[in-house]
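Colleague: Sharing my_file.pdb below, PDB, C-alpha atoms:
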```pdb
MODEL        1
ATOM      1  CA  GLN A   1       0.000   0.000   0.000  1.00  0.00           C
ATOM      2  CA  ASP A   2       1.298   3.430  -0.997  1.00  0.00           C
ATOM      3  CA  GLU A   3       1.093   5.727   2.049  1.00  0.00           C
ATOM      4  CA  THR A   4       0.979   8.809  -0.217  1.00  0.00           C
ATOM      5  CA  GLY A   5      -1.374   7.566  -2.953  1.00  0.00           C
ATOM      6  CA  PHE A   6      -5.087   7.327  -3.419  1.00  0.00           C
ATOM      7  CA  ASP A   7      -5.188   3.851  -1.901  1.00  0.00           C
ATOM      8  CA  ARG A   8      -3.900   5.025   1.469  1.00  0.00           C
ATOM      9  CA  THR A   9      -6.231   4.934   4.457  1.00  0.00           C
ATOM     10  CA  ILE A  10      -7.606   8.227   5.785  1.00  0.00           C
ATOM     11  CA  GLU A  11      -8.955   8.516   9.313  1.00  0.00           C
ATOM     12  CA  ALA A  12     -12.084  10.698   9.304  1.00  0.00           C
ATOM     13  CA  HIS A  13     -13.143  11.777  12.785  1.00  0.00           C
ATOM     14  CA  ARG A  14     -16.943  11.433  12.873  1.00  0.00           C
ATOM     15  CA  GLY A  15     -17.784  12.574  16.395  1.00  0.00           C
ATOM     16  CA  ALA A  16     -18.149   9.373  18.412  1.00  0.00           C
ATOM     17  CA  HIS A  17     -15.921   7.259  16.170  1.00  0.00           C
ATOM     18  CA  VAL A  18     -13.103   7.325  13.626  1.00  0.00           C
ATOM     19  CA  GLN A  19     -14.073   6.109  10.168  1.00  0.00           C
ATOM     20  CA  ARG A  20     -11.267   4.638   8.083  1.00  0.00           C
ATOM     21  CA  GLU A  21     -11.640   4.954   4.310  1.00  0.00           C
ATOM     22  CA  ARG A  22      -9.430   4.755   1.270  1.00  0.00           C
ATOM     23  CA  ALA A  23      -8.431   8.260   0.113  1.00  0.00           C
ATOM     24  CA  ASP A  24      -9.938   7.781  -3.362  1.00  0.00           C
ATOM     25  CA  ARG A  25     -13.310   6.715  -1.967  1.00  0.00           C
ATOM     26  CA  LEU A  26     -13.371   9.546   0.561  1.00  0.00           C
ATOM     27  CA  LEU A  27     -12.539  12.124  -2.127  1.00  0.00           C
ATOM     28  CA  LEU A  28     -15.219  10.727  -4.446  1.00  0.00           C
ATOM     29  CA  HIS A  29     -17.766  10.984  -1.619  1.00  0.00           C
ATOM     30  CA  LEU A  30     -16.781  14.579  -0.859  1.00  0.00           C
ATOM     31  CA  PHE A  31     -16.947  15.626  -4.523  1.00  0.00           C
ATOM     32  CA  GLN A  32     -20.359  14.025  -5.030  1.00  0.00           C
ATOM     33  CA  HIS A  33     -21.702  15.523  -1.806  1.00  0.00           C
ATOM     34  CA  GLN A  34     -20.516  18.997  -2.809  1.00  0.00           C
ATOM     35  CA  ILE A  35     -22.154  18.650  -6.243  1.00  0.00           C
ATOM     36  CA  HIS A  36     -25.397  17.599  -4.554  1.00  0.00           C
ATOM     37  CA  HIS A  37     -25.434  20.709  -2.364  1.00  0.00           C
ATOM     38  CA  ARG A  38     -24.577  23.042  -5.261  1.00  0.00           C
ATOM     39  CA  GLY A  39     -27.592  21.693  -7.128  1.00  0.00           C
ATOM     40  CA  GLN A  40     -29.726  22.026  -4.033  1.00  0.00           C
ATOM     41  CA  VAL A  41     -28.795  25.693  -3.554  1.00  0.00           C
ATOM     42  CA  HIS A  42     -29.376  26.482  -7.218  1.00  0.00           C
ATOM     43  CA  ALA A  43     -32.804  24.803  -7.193  1.00  0.00           C
ATOM     44  CA  MET A  44     -33.830  26.584  -3.997  1.00  0.00           C
ATOM     45  CA  LEU A  45     -32.780  30.021  -5.277  1.00  0.00           C
ATOM     46  CA  ALA A  46     -34.357  29.397  -8.695  1.00  0.00           C
ATOM     47  CA  GLY A  47     -37.713  29.228  -6.916  1.00  0.00           C
ATOM     48  CA  THR A  48     -37.261  32.740  -5.500  1.00  0.00           C
ATOM     49  CA  GLN A  49     -36.682  36.210  -6.920  1.00  0.00           C
ATOM     50  CA  VAL A  50     -32.999  35.945  -5.952  1.00  0.00           C
ATOM     51  CA  LYS A  51     -30.785  35.306  -8.957  1.00  0.00           C
ATOM     52  CA  PRO A  52     -28.610  32.255  -8.206  1.00  0.00           C
ATOM     53  CA  PRO A  53     -24.951  33.287  -7.932  1.00  0.00           C
ATOM     54  CA  GLN A  54     -22.162  31.740  -9.923  1.00  0.00           C
ATOM     55  CA  LEU A  55     -21.749  28.368  -8.214  1.00  0.00           C
ATOM     56  CA  ASP A  56     -18.832  27.024 -10.245  1.00  0.00           C
ATOM     57  CA  GLU A  57     -15.407  27.001  -8.683  1.00  0.00           C
ATOM     58  CA  PHE A  58     -13.175  29.370 -10.637  1.00  0.00           C
ATOM     59  CA  ILE A  59      -9.849  27.731  -9.905  1.00  0.00           C
ATOM     60  CA  MET A  60      -8.128  27.653 -13.272  1.00  0.00           C
ATOM     61  CA  ARG A  61      -5.748  30.510 -14.080  1.00  0.00           C
ATOM     62  CA  ALA A  62      -7.795  31.362 -17.183  1.00  0.00           C
ATOM     63  CA  ASP A  63     -10.836  31.934 -14.928  1.00  0.00           C
ATOM     64  CA  GLU A  64      -9.222  34.863 -13.095  1.00  0.00           C
ATOM     65  CA  PRO A  65     -11.211  37.570 -14.946  1.00  0.00           C
ATOM     66  CA  PHE A  66     -14.452  35.886 -13.897  1.00  0.00           C
ATOM     67  CA  ARG A  67     -13.656  35.772 -10.179  1.00  0.00           C
ATOM     68  CA  VAL A  68     -12.046  39.188  -9.657  1.00  0.00           C
ATOM     69  CA  MET A  69     -15.250  40.980  -8.581  1.00  0.00           C
ATOM     70  CA  ASP A  70     -16.316  38.216  -6.171  1.00  0.00           C
ATOM     71  CA  MET A  71     -12.877  37.980  -4.599  1.00  0.00           C
ATOM     72  CA  SER A  72     -12.648  41.752  -4.298  1.00  0.00           C
ATOM     73  CA  ALA A  73     -16.035  41.874  -2.546  1.00  0.00           C
ATOM     74  CA  LEU A  74     -14.679  39.371  -0.025  1.00  0.00           C
ATOM     75  CA  GLY A  75     -11.497  41.398   0.466  1.00  0.00           C
ATOM     76  CA  TRP A  76      -9.343  38.678  -1.092  1.00  0.00           C
ATOM     77  CA  THR A  77      -6.539  38.924  -3.633  1.00  0.00           C
ATOM     78  CA  GLU A  78      -5.242  36.367  -6.095  1.00  0.00           C
ATOM     79  CA  ARG A  79      -1.889  36.363  -4.313  1.00  0.00           C
ATOM     80  CA  GLU A  80      -3.441  35.669  -0.882  1.00  0.00           C
ATOM     81  CA  VAL A  81      -5.570  32.817  -2.146  1.00  0.00           C
ATOM     82  CA  TYR A  82      -3.430  31.221  -4.857  1.00  0.00           C
ATOM     83  CA  GLY A  83       0.067  32.381  -3.941  1.00  0.00           C
TER      84      GLY A  83
ENDMDL
END
```
How does this structure look as structure tokens?

Modeller:
Amino acid sequence: QDETGFDRTIEAHRGAHVQRERADRLLLHLFQHQIHHRGQVHAMLAGTQVKPPQLDEFIMRADEPFRVMDMSALGWTEREVYG
């Protein structure tokens, strides 16, 4: 077993117990769960007069122009967040 790879075991502290999962399975769960909640928020806001915000993660360097206003409103800079 590679202690640095996706098949390593991660200990997730779940309150009363520690759950041990492979890193790849834990990451897949987290990604799917996050996608579920993004859809939930979009659906909930779509039923109101509030325009749903941009819910995509603008992480790629080419996305910088699209995130500048949001990051500025939060008081963040590219350097602080991305180095």

Colleague: Can you spell out as a PyMOL selection string the set of residues that the PyMOL selection byres ((chain A and resi 78) around 12) selects in the structure I just provided?

Modeller: chain A and resi 58-61+63-65+67-72+74-77+79-83

Colleague: Can you pull out the residues contacting range 21-29 of chain A? Cut-off 12 Å, using all atoms listed in the file, and skip same-chain residues under 2 positions away; I want them as a list in words.

Modeller: Gln1, Asp2, Glu3, Thr4, Gly5, Phe6, Asp7, Arg8, Thr9, Ile10, Glu11, Ala12, His13, Arg14, Val18, Gln19, Phe31, Gln32, His33, Gln34, Ile35 and His36 of chain A

Colleague: Report the distance between CA of Phe66 in chain A and CA of Gln54 in chain A in Å, rounded to one decimal place.

Modeller: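 CA of Phe66 in chain A sits 9.6 Å away from CA of Gln54 in chain A.
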
Colleague: Quick check, in Å to one decimal: how far apart do CA of His17 in chain A and CA of Leu30 in chain A lie?

Modeller: 18.6 Å

Colleague: Report, in Å to a single decimal, how far apart CA of Arg38 in chain A and CA of Asp56 in chain A are.

Modeller: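 Going from CA of Asp56 in chain A over to CA of Arg38 in chain A covers 8.6 Å.
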